[in-house]
>>> print(open('structure_19.cif').read())   # mmCIF, C-alpha atoms (C1' of nucleotides)
data_input
loop_
_atom_site.label_atom_id
_atom_site.label_comp_id
_atom_site.auth_asym_id
_atom_site.auth_seq_id
_atom_site.Cartn_x
_atom_site.Cartn_y
_atom_site.Cartn_z
CA MET A 1 57.14 -28.72 -44.94
CA GLY A 2 57.36 -31.98 -43.07
CA ALA A 3 60.72 -33.45 -42.18
CA ALA A 4 62.44 -35.45 -44.87
CA VAL A 5 62.07 -39.19 -45.17
CA ASP A 6 65.55 -40.61 -44.64
CA GLU A 7 67.15 -43.92 -45.59
CA ILE A 8 66.04 -45.64 -42.41
CA ASP A 9 62.47 -44.48 -42.93
CA LEU A 10 62.53 -45.91 -46.45
CA ALA A 11 63.77 -49.22 -45.11
CA LEU A 12 60.99 -49.23 -42.53
CA LEU A 13 58.41 -48.46 -45.20
CA ALA A 14 59.68 -51.26 -47.45
CA ALA A 15 59.62 -53.74 -44.57
CA LEU A 16 56.08 -52.76 -43.59
CA GLN A 17 54.89 -52.94 -47.19
CA ALA A 18 56.14 -56.51 -47.31
CA ASP A 19 54.61 -57.43 -43.95
CA ALA A 20 52.84 -54.99 -41.68
CA THR A 21 52.22 -57.64 -39.01
CA GLN A 22 55.81 -58.00 -37.87
CA ALA A 23 56.76 -56.78 -34.42
CA TYR A 24 58.63 -53.52 -33.89
CA ALA A 25 61.50 -55.49 -32.39
CA ASP A 26 61.97 -57.42 -35.66
CA LEU A 27 61.38 -54.30 -37.70
CA GLY A 28 64.05 -52.50 -35.70
CA LYS A 29 66.50 -55.34 -36.14
CA ARG A 30 66.03 -55.15 -39.91
CA VAL A 31 66.98 -51.48 -40.05
CA GLY A 32 69.46 -51.36 -37.17
CA LEU A 33 67.22 -49.74 -34.57
CA SER A 34 65.77 -50.63 -31.20
CA ALA A 35 62.11 -51.58 -30.96
CA GLY A 36 61.34 -48.29 -29.28
CA SER A 37 63.00 -46.21 -31.97
CA ALA A 38 61.38 -48.20 -34.74
CA HIS A 39 58.03 -47.69 -33.06
CA GLU A 40 58.59 -43.95 -32.70
CA ARG A 41 59.63 -43.56 -36.33
CA VAL A 42 56.67 -45.50 -37.62
CA ARG A 43 54.36 -43.45 -35.39
CA LYS A 44 55.72 -40.26 -36.95
CA LEU A 45 55.45 -41.65 -40.47
CA ARG A 46 51.79 -42.29 -39.79
CA GLU A 47 51.30 -38.88 -38.19
CA ARG A 48 52.88 -37.13 -41.17
CA GLY A 49 50.72 -39.06 -43.59
CA VAL A 50 53.61 -40.86 -45.28
CA ILE A 51 51.89 -44.05 -44.15
CA ARG A 52 48.28 -43.44 -45.10
CA ARG A 53 46.91 -46.61 -43.60
CA THR A 54 47.53 -50.20 -42.66
CA THR A 55 45.41 -52.49 -44.78
CA ILE A 56 45.07 -55.98 -46.19
CA ASP A 57 45.56 -57.13 -49.74
CA VAL A 58 42.54 -59.24 -50.76
CA ASP A 59 42.64 -61.73 -53.64
CA PRO A 60 40.02 -60.34 -56.06
CA ALA A 61 39.12 -63.76 -57.44
CA ALA A 62 38.23 -64.98 -53.95
CA VAL A 63 35.60 -62.28 -53.49
CA ASN A 64 33.93 -62.49 -56.89
CA CYS A 65 35.87 -59.69 -58.54
CA GLY A 66 37.46 -61.71 -61.30
CA VAL A 67 36.87 -59.18 -64.07
CA LEU A 68 39.33 -56.31 -64.29
CA ALA A 69 39.20 -53.48 -66.81
CA PHE A 70 40.68 -50.06 -67.38
CA VAL A 71 38.22 -47.59 -68.85
CA MET A 72 39.10 -44.29 -70.49
CA LEU A 73 36.34 -41.73 -70.32
CA GLN A 74 36.02 -39.00 -72.93
CA ALA A 75 34.36 -35.79 -71.83
CA ASN A 76 33.18 -32.47 -73.27
CA ALA A 77 34.04 -30.42 -70.18
CA TRP A 78 36.68 -30.07 -67.53
CA MET A 79 36.32 -33.07 -65.23
CA GLY A 80 38.76 -32.14 -62.48
CA ASN A 81 36.09 -31.02 -60.04
CA PRO A 82 34.64 -32.51 -56.84
CA PRO A 83 31.23 -33.43 -58.31
CA THR A 84 32.92 -35.61 -60.92
CA ARG A 85 35.11 -37.14 -58.27
CA ASP A 86 32.11 -37.90 -56.07
CA ALA A 87 30.12 -39.36 -58.95
CA LEU A 88 32.96 -41.77 -59.70
CA ALA A 89 33.49 -42.60 -56.03
CA ALA A 90 29.82 -43.47 -55.75
CA ILE A 91 30.34 -46.42 -58.09
CA PRO A 92 31.85 -49.06 -55.79
CA GLU A 93 33.30 -51.12 -58.63
CA ILE A 94 35.63 -48.25 -59.50
CA GLN A 95 38.83 -48.87 -57.59
CA GLU A 96 40.88 -46.00 -58.98
CA ALA A 97 40.09 -42.79 -60.84
CA HIS A 98 42.65 -40.50 -62.45
CA ILE A 99 42.60 -37.34 -64.55
CA ILE A 100 44.87 -37.91 -67.50
CA ALA A 101 46.66 -36.07 -70.26
CA GLY A 102 45.80 -37.19 -73.77
CA SER A 103 42.68 -37.61 -75.85
CA ALA A 104 40.60 -39.00 -72.99
CA SER A 105 39.89 -37.07 -69.80
CA LEU A 106 39.71 -39.78 -67.18
CA LEU A 107 41.09 -43.24 -66.59
CA VAL A 108 39.36 -45.56 -64.14
CA LYS A 109 40.19 -49.03 -62.91
CA VAL A 110 37.14 -51.25 -62.55
CA ARG A 111 36.65 -54.64 -60.91
CA THR A 112 33.46 -56.62 -61.35
CA SER A 113 32.27 -60.18 -60.96
CA THR A 114 31.08 -60.56 -64.56
CA PRO A 115 31.27 -58.82 -67.94
CA GLU A 116 27.58 -57.98 -67.53
CA GLN A 117 28.37 -56.08 -64.38
CA LEU A 118 31.19 -54.28 -66.18
CA GLN A 119 28.63 -53.22 -68.74
CA ALA A 120 26.44 -51.88 -65.95
CA VAL A 121 29.35 -49.78 -64.69
CA LEU A 122 29.90 -48.34 -68.16
CA ARG A 123 26.23 -47.41 -68.32
CA GLN A 124 26.54 -45.60 -64.99
CA ALA A 125 29.66 -43.81 -66.24
CA PHE A 126 27.66 -42.38 -69.12
CA ASP A 127 25.25 -40.85 -66.63
CA ILE A 128 28.01 -38.66 -65.20
CA ASP A 129 27.81 -35.04 -66.36
CA GLY A 130 30.22 -34.35 -69.19
CA VAL A 131 31.00 -37.93 -70.16
CA THR A 132 30.63 -38.42 -73.90
CA GLY A 133 32.31 -41.73 -74.53
CA THR A 134 34.22 -44.68 -73.14
CA GLU A 135 37.02 -46.91 -74.29
CA THR A 136 37.48 -50.11 -72.36
CA ILE A 137 40.60 -52.21 -71.98
CA VAL A 138 39.81 -55.63 -70.58
CA VAL A 139 42.54 -57.40 -68.62
CA LEU A 140 43.09 -61.04 -69.58
CA GLU A 141 45.70 -61.83 -66.95
CA THR A 142 47.44 -59.88 -64.24
CA PHE A 143 51.18 -60.56 -64.06
CA PHE A 144 51.57 -58.73 -60.78
CA GLU A 145 50.34 -55.89 -58.60
CA ARG A 146 52.75 -54.77 -55.91
CA PRO A 147 53.38 -51.89 -53.52
CA LEU A 148 55.18 -48.91 -54.97
CA ASN A 149 58.93 -49.07 -54.88
CA VAL A 150 60.41 -47.01 -52.05
CA THR A 151 63.98 -48.25 -52.11
CA ASP A 152 64.87 -47.42 -55.68
CA PRO A 153 68.37 -45.93 -55.77
CA ASN A 154 67.18 -43.57 -58.51
CA LEU A 155 64.92 -41.82 -56.04
CA ALA A 156 66.64 -39.12 -54.02
CA GLY A 157 66.69 -40.02 -50.30
CA MET B 158 37.98 -75.90 -53.87
CA GLY B 159 38.34 -73.89 -50.69
CA ALA B 160 35.37 -73.15 -48.51
CA ALA B 161 33.15 -70.25 -49.57
CA VAL B 162 33.64 -66.75 -48.22
CA ASP B 163 30.44 -65.92 -46.33
CA GLU B 164 28.84 -62.63 -45.31
CA ILE B 165 30.75 -62.44 -42.05
CA ASP B 166 34.06 -63.02 -43.85
CA LEU B 167 33.24 -60.19 -46.24
CA ALA B 168 32.50 -57.91 -43.30
CA LEU B 169 35.81 -58.86 -41.71
CA LEU B 170 37.65 -58.21 -44.97
CA ALA B 171 36.03 -54.81 -45.38
CA ALA B 172 36.88 -53.85 -41.80
CA LEU B 173 40.50 -54.94 -42.21
CA GLN B 174 40.83 -53.13 -45.52
CA ALA B 175 39.77 -49.95 -43.76
CA ASP B 176 42.08 -50.52 -40.78
CA ALA B 177 44.20 -53.59 -40.29
CA THR B 178 45.56 -52.34 -36.96
CA GLN B 179 42.35 -52.75 -34.97
CA ALA B 180 42.20 -55.40 -32.28
CA TYR B 181 40.37 -58.68 -32.82
CA ALA B 182 38.05 -57.76 -29.97
CA ASP B 183 36.89 -54.65 -31.85
CA LEU B 184 36.83 -56.52 -35.13
CA GLY B 185 34.62 -59.17 -33.56
CA LYS B 186 32.28 -56.58 -32.11
CA ARG B 187 31.83 -55.10 -35.58
CA VAL B 188 30.68 -58.38 -37.09
CA GLY B 189 28.96 -59.92 -34.05
CA LEU B 190 31.69 -62.38 -33.06
CA SER B 191 33.95 -62.93 -30.10
CA ALA B 192 37.60 -61.94 -30.35
CA GLY B 193 38.61 -65.60 -30.59
CA SER B 194 36.23 -66.34 -33.46
CA ALA B 195 37.23 -63.22 -35.35
CA HIS B 196 40.85 -64.23 -34.92
CA GLU B 197 40.21 -67.76 -36.13
CA ARG B 198 38.30 -66.60 -39.21
CA VAL B 199 40.99 -64.11 -40.15
CA ARG B 200 43.63 -66.78 -39.67
CA LYS B 201 41.78 -69.03 -42.11
CA LEU B 202 41.28 -66.23 -44.60
CA ARG B 203 45.05 -65.76 -44.59
CA GLU B 204 45.69 -69.48 -44.81
CA ARG B 205 43.38 -69.81 -47.80
CA GLY B 206 45.01 -66.88 -49.53
CA VAL B 207 41.91 -64.70 -49.53
CA ILE B 208 44.01 -62.26 -47.52
CA ARG B 209 47.27 -62.18 -49.43
CA ARG B 210 49.12 -59.92 -47.04
CA THR B 211 48.89 -57.16 -44.49
CA THR B 212 50.59 -54.06 -45.78
CA ILE B 213 50.79 -50.30 -45.55
CA ASP B 214 49.58 -47.73 -48.01
CA VAL B 215 52.39 -45.23 -48.64
CA ASP B 216 51.79 -41.75 -50.00
CA PRO B 217 53.69 -41.77 -53.32
CA ALA B 218 54.44 -38.05 -53.20
CA ALA B 219 56.17 -38.46 -49.84
CA VAL B 220 58.68 -40.95 -51.26
CA ASN B 221 59.56 -39.17 -54.47
CA CYS B 222 57.13 -41.05 -56.71
CA GLY B 223 55.06 -38.10 -57.83
CA VAL B 224 54.87 -39.11 -61.49
CA LEU B 225 52.26 -41.72 -62.41
CA ALA B 226 51.66 -43.11 -65.86
CA PHE B 227 49.92 -46.00 -67.55
CA VAL B 228 51.84 -47.43 -70.48
CA MET B 229 50.43 -49.69 -73.16
CA LEU B 230 53.03 -51.91 -74.78
CA GLN B 231 52.59 -53.16 -78.33
CA ALA B 232 54.26 -56.44 -79.18
CA ASN B 233 54.88 -58.69 -82.17
CA ALA B 234 54.65 -61.94 -80.21
CA TRP B 235 52.64 -63.56 -77.47
CA MET B 236 53.71 -61.91 -74.22
CA GLY B 237 51.90 -64.10 -71.71
CA ASN B 238 55.00 -66.03 -70.70
CA PRO B 239 57.20 -66.05 -67.60
CA PRO B 240 60.24 -64.40 -69.24
CA THR B 241 58.13 -61.38 -70.16
CA ARG B 242 56.70 -61.32 -66.66
CA ASP B 243 60.15 -61.44 -65.10
CA ALA B 244 61.50 -58.75 -67.40
CA LEU B 245 58.72 -56.42 -66.34
CA ALA B 246 59.07 -57.33 -62.67
CA ALA B 247 62.76 -56.48 -62.86
CA ILE B 248 61.88 -52.83 -63.46
CA PRO B 249 61.10 -51.58 -59.96
CA GLU B 250 59.15 -48.55 -61.15
CA ILE B 251 56.51 -50.85 -62.68
CA GLN B 252 53.88 -51.31 -60.00
CA GLU B 253 51.40 -53.37 -62.03
CA ALA B 254 51.58 -55.38 -65.25
CA HIS B 255 48.60 -56.85 -67.08
CA ILE B 256 48.01 -58.73 -70.30
CA ILE B 257 45.16 -57.02 -72.09
CA ALA B 258 42.68 -57.53 -74.89
CA GLY B 259 42.77 -54.95 -77.65
CA SER B 260 45.36 -53.46 -79.97
CA ALA B 261 48.10 -53.38 -77.34
CA SER B 262 49.40 -56.48 -75.60
CA LEU B 263 50.34 -55.23 -72.15
CA LEU B 264 49.32 -52.46 -69.80
CA VAL B 265 51.68 -51.40 -67.04
CA LYS B 266 51.34 -48.88 -64.25
CA VAL B 267 54.52 -46.90 -63.64
CA ARG B 268 55.55 -44.56 -60.82
CA THR B 269 58.67 -42.42 -61.04
CA SER B 270 60.08 -39.34 -59.39
CA THR B 271 60.47 -37.35 -62.62
CA PRO B 272 59.40 -37.42 -66.28
CA GLU B 273 63.03 -38.15 -67.11
CA GLN B 274 62.89 -41.30 -65.06
CA LEU B 275 59.63 -42.25 -66.78
CA GLN B 276 61.47 -41.93 -70.05
CA ALA B 277 64.18 -44.24 -68.74
CA VAL B 278 61.51 -46.84 -67.92
CA LEU B 279 60.12 -46.62 -71.44
CA ARG B 280 63.58 -47.18 -72.82
CA GLN B 281 63.96 -50.27 -70.68
CA ALA B 282 60.55 -51.51 -71.84
CA PHE B 283 61.74 -51.40 -75.43
CA ASP B 284 64.57 -53.73 -74.50
CA ILE B 285 62.10 -56.48 -73.61
CA ASP B 286 61.83 -59.20 -76.27
CA GLY B 287 58.81 -58.70 -78.48
CA VAL B 288 58.03 -55.10 -77.55
CA THR B 289 57.57 -52.98 -80.66
CA GLY B 290 55.96 -49.84 -79.35
CA THR B 291 54.59 -47.91 -76.37
CA GLU B 292 51.73 -45.55 -75.75
CA THR B 293 51.90 -43.57 -72.55
CA ILE B 294 49.07 -42.03 -70.59
CA VAL B 295 50.33 -39.55 -68.02
CA VAL B 296 48.22 -38.98 -64.92
CA LEU B 297 47.67 -35.33 -64.01
CA GLU B 298 45.77 -35.93 -60.79
CA THR B 299 44.59 -38.98 -58.91
CA PHE B 300 41.03 -38.64 -57.61
CA PHE B 301 41.29 -41.77 -55.49
CA GLU B 302 42.83 -45.21 -55.12
CA ARG B 303 41.03 -47.53 -52.74
CA PRO B 304 40.79 -51.20 -51.79
CA LEU B 305 38.57 -53.32 -53.97
CA ASN B 306 34.93 -53.44 -52.99
CA VAL B 307 34.07 -56.61 -51.11
CA THR B 308 30.63 -55.68 -49.79
CA ASP B 309 28.91 -54.94 -53.05
CA PRO B 310 25.43 -56.48 -53.00
CA ASN B 311 25.87 -57.31 -56.68
CA LEU B 312 28.53 -59.82 -55.81
CA ALA B 313 27.23 -63.23 -54.88
CA GLY B 314 28.01 -64.04 -51.23
"C1'" DA C 315 32.88 -73.49 -35.78
"C1'" DT C 316 32.44 -70.56 -31.50
"C1'" DT C 317 33.37 -69.33 -26.81
"C1'" DG C 318 35.95 -67.96 -22.72
"C1'" DA C 319 40.03 -67.80 -20.18
"C1'" DA C 320 45.02 -68.24 -19.45
"C1'" DA C 321 49.70 -67.58 -21.02
"C1'" DA C 322 52.88 -65.44 -24.12
"C1'" DT C 323 53.89 -61.50 -26.61
"C1'" DA C 324 53.75 -56.91 -28.36
"C1'" DT C 325 52.55 -52.10 -27.95
"C1'" DA C 326 52.88 -47.68 -25.96
"C1'" DA C 327 54.49 -44.32 -22.63
"C1'" DG C 328 58.00 -42.39 -19.79
"C1'" DA C 329 62.56 -41.51 -17.68
"C1'" DA C 330 67.46 -41.15 -18.55
"C1'" DC C 331 71.17 -40.45 -21.59
"C1'" DG D 332 66.84 -38.50 -31.19
"C1'" DT D 333 67.81 -42.95 -29.09
"C1'" DT D 334 67.71 -46.54 -25.56
"C1'" DC D 335 65.98 -48.96 -21.66
"C1'" DT D 336 62.34 -49.90 -18.46
"C1'" DT D 337 57.66 -50.51 -17.06
"C1'" DA D 338 52.68 -50.79 -17.48
"C1'" DT D 339 49.06 -51.75 -20.49
"C1'" DA D 340 46.87 -54.13 -24.12
"C1'" DT D 341 46.71 -57.50 -27.56
"C1'" DT D 342 47.59 -61.76 -29.74
"C1'" DT D 343 47.64 -66.56 -29.56
"C1'" DT D 344 46.80 -71.03 -27.69
"C1'" DC D 345 43.85 -74.40 -25.67
"C1'" DA D 346 40.11 -76.92 -23.38
"C1'" DA D 347 35.23 -77.14 -23.65
"C1'" DT D 348 30.76 -76.73 -26.00
#
>>> encode(input="structure_19.cif", output="structure tokens")
Amino acid sequence: MGAAVDEIDLALLAALQADATQAYADLGKRVGLSAGSAHERVRKLRERGVIRRTTIDVDPAAVNCGVLAFVMLQANAWMGNPPTRDALAAIPEIQEAHIIAGSASLLVKVRTSTPEQLQAVLRQAFDIDGVTGTETIVVLETFFERPLNVTDPNLAG
Amino acid sequence: MGAAVDEIDLALLAALQADATQAYADLGKRVGLSAGSAHERVRKLRERGVIRRTTIDVDPAAVNCGVLAFVMLQANAWMGNPPTRDALAAIPEIQEAHIIAGSASLLVKVRTSTPEQLQAVLRQAFDIDGVTGTETIVVLETFFERPLNVTDPNLAG
DNA sequence: ATTGAAAATATAAGAAC
DNA sequence: GTTCTTATATTTTCAAT
């Protein structure tokens, strides 16, 4: 397998999660490395797929995506196949899709501009082969959404 | 309120979501602008808070966060207050926290390295004032997690 | 608000340790 | 694997439109 992610790598990841625009010199200073070494480590983290991409975090409300809901999809067949995946991916309002344990088969995270558009997404979900029902949880307020924790002491280094 | 986000801004946002490392010259080419103009627009999008931050997407499995679960928290009091928010934020394994409509009060997204650690998070959740119960949905497989859709024609420009 | 160009800065590659 | 050096490329500022 790939080389292990060590303490310094975790510190680099945490720093880049917080601000991926900072210079390698600053990044290196933070973790006790030269700019060159920091650069090399980050390059390898990207190469190994630990860093999947550099991206921006967009305020949903600013781009007309003020409605957030989690939808559980019941199904009468095994849904862990590529066609199901593709059918869900084809609905742009679906931000996440997961296969879950429990009475439902799938959990999806949906962002729309209006409740009407959420309804339209649910209608499309019913068109997917195997889907027999939906249960929707509407979000009233989001406390926070943040990057996953990489510096938790509970996680083995 | 702040100036509207126009079509070009949406194109810039989509391009940066896909790859925030690309040069402003390339970014400008993509949307039919000079490097300077692209830079200026992105600067304003940051200033206005449309772009909340530039960050990296880390593979959870690579940093010992292979367990993902969504937990619904039942409560016997109104939970939409700062103390509740802070109590949830103090648990690093909680990546998202939302107030929801429906029988439960809160929905949180949790990532841990092991089921045992997930259990420890649930125990901590019970210590939060007002929490009377939990219902956990364990994720077996994640189909996808992607940036929110900003170029959907259904969204008003 | 956009352009084009200049100056400041950062990235990326390479040699030495 | 790290550091230092050098060349390349990008970001950032600014005057002009």
>>> interface_residues(input="structure_19.cif", of="chain C", to="chain B", cutoff="9 Å", atoms="all atoms listed in the file", output="VMD selection string")
chain C and resid 315 to 318
>>> write_last_selection(input="structure_19.cif", atoms="C-alpha atoms (C1' of nucleotides)", output="PDB file, keeping the file's coordinate frame")
ATOM      1  C1'  DA C 315      32.880 -73.490 -35.780  1.00  0.00           C
ATOM      2  C1'  DT C 316      32.440 -70.560 -31.500  1.00  0.00           C
ATOM      3  C1'  DT C 317      33.370 -69.330 -26.810  1.00  0.00           C
ATOM      4  C1'  DG C 318      35.950 -67.960 -22.720  1.00  0.00           C
TER       5       DG C 318
END
>>> resolve_selection(input="structure_19.cif", expression="the PyMOL selection byres ((chain A) within 6 of (chain B))", output="PyMOL selection string")
chain A and resi 17+19-20+50-59+62+95-101+138-146+148
>>> write_last_selection(input="structure_19.cif", atoms="C-alpha atoms", output="mmCIF file, in the frame of the given file")
data_model
loop_
_atom_site.group_PDB
_atom_site.id
_atom_site.type_symbol
_atom_site.label_atom_id
_atom_site.label_comp_id
_atom_site.auth_asym_id
_atom_site.auth_seq_id
_atom_site.Cartn_x
_atom_site.Cartn_y
_atom_site.Cartn_z
ATOM 1 C CA GLN A 17 54.890 -52.940 -47.190
ATOM 2 C CA ASP A 19 54.610 -57.430 -43.950
ATOM 3 C CA ALA A 20 52.840 -54.990 -41.680
ATOM 4 C CA VAL A 50 53.610 -40.860 -45.280
ATOM 5 C CA ILE A 51 51.890 -44.050 -44.150
ATOM 6 C CA ARG A 52 48.280 -43.440 -45.100
ATOM 7 C CA ARG A 53 46.910 -46.610 -43.600
ATOM 8 C CA THR A 54 47.530 -50.200 -42.660
ATOM 9 C CA THR A 55 45.410 -52.490 -44.780
ATOM 10 C CA ILE A 56 45.070 -55.980 -46.190
ATOM 11 C CA ASP A 57 45.560 -57.130 -49.740
ATOM 12 C CA VAL A 58 42.540 -59.240 -50.760
ATOM 13 C CA ASP A 59 42.640 -61.730 -53.640
ATOM 14 C CA ALA A 62 38.230 -64.980 -53.950
ATOM 15 C CA GLN A 95 38.830 -48.870 -57.590
ATOM 16 C CA GLU A 96 40.880 -46.000 -58.980
ATOM 17 C CA ALA A 97 40.090 -42.790 -60.840
ATOM 18 C CA HIS A 98 42.650 -40.500 -62.450
ATOM 19 C CA ILE A 99 42.600 -37.340 -64.550
ATOM 20 C CA ILE A 100 44.870 -37.910 -67.500
ATOM 21 C CA ALA A 101 46.660 -36.070 -70.260
ATOM 22 C CA VAL A 138 39.810 -55.630 -70.580
ATOM 23 C CA VAL A 139 42.540 -57.400 -68.620
ATOM 24 C CA LEU A 140 43.090 -61.040 -69.580
ATOM 25 C CA GLU A 141 45.700 -61.830 -66.950
ATOM 26 C CA THR A 142 47.440 -59.880 -64.240
ATOM 27 C CA PHE A 143 51.180 -60.560 -64.060
ATOM 28 C CA PHE A 144 51.570 -58.730 -60.780
ATOM 29 C CA GLU A 145 50.340 -55.890 -58.600
ATOM 30 C CA ARG A 146 52.750 -54.770 -55.910
ATOM 31 C CA LEU A 148 55.180 -48.910 -54.970
#
>>> interface_residues(input="structure_19.cif", of="chain D", to="chain A", cutoff="9 Å", atoms="only C-alpha atoms (C1' of nucleotides)", output="PyMOL selection string")
chain D and resi 332-335
>>> atom_distance(input="structure_19.cif", atom1="CA of Gln74 in chain A", atom2="CA of Ala125 in chain A")
10.4 Å
>>> atom_distance(input="structure_19.cif", atom1="CA of Met79 in chain A", atom2="CA of Met229 in chain B")
23.2 Å
>>> atom_distance(input="structure_19.cif", atom1="C1' of DT336 in chain D", atom2="CA of Val31 in chain A")
22.1 Å
>>> closest_residue(input="structure_19.cif", among="A:Arg30, A:Val67, A:Thr134, A:His39", to="DA327 in chain C", atoms="only C-alpha atoms (C1' of nucleotides)")
A:His39
>>> residues_near_point(input="structure_19.cif", point="(46.5, -65.4, -19.3)", cutoff="12 Å", atoms="all atoms listed in the file", output="ChimeraX atom specification")
/C:318-323 /D:341-345
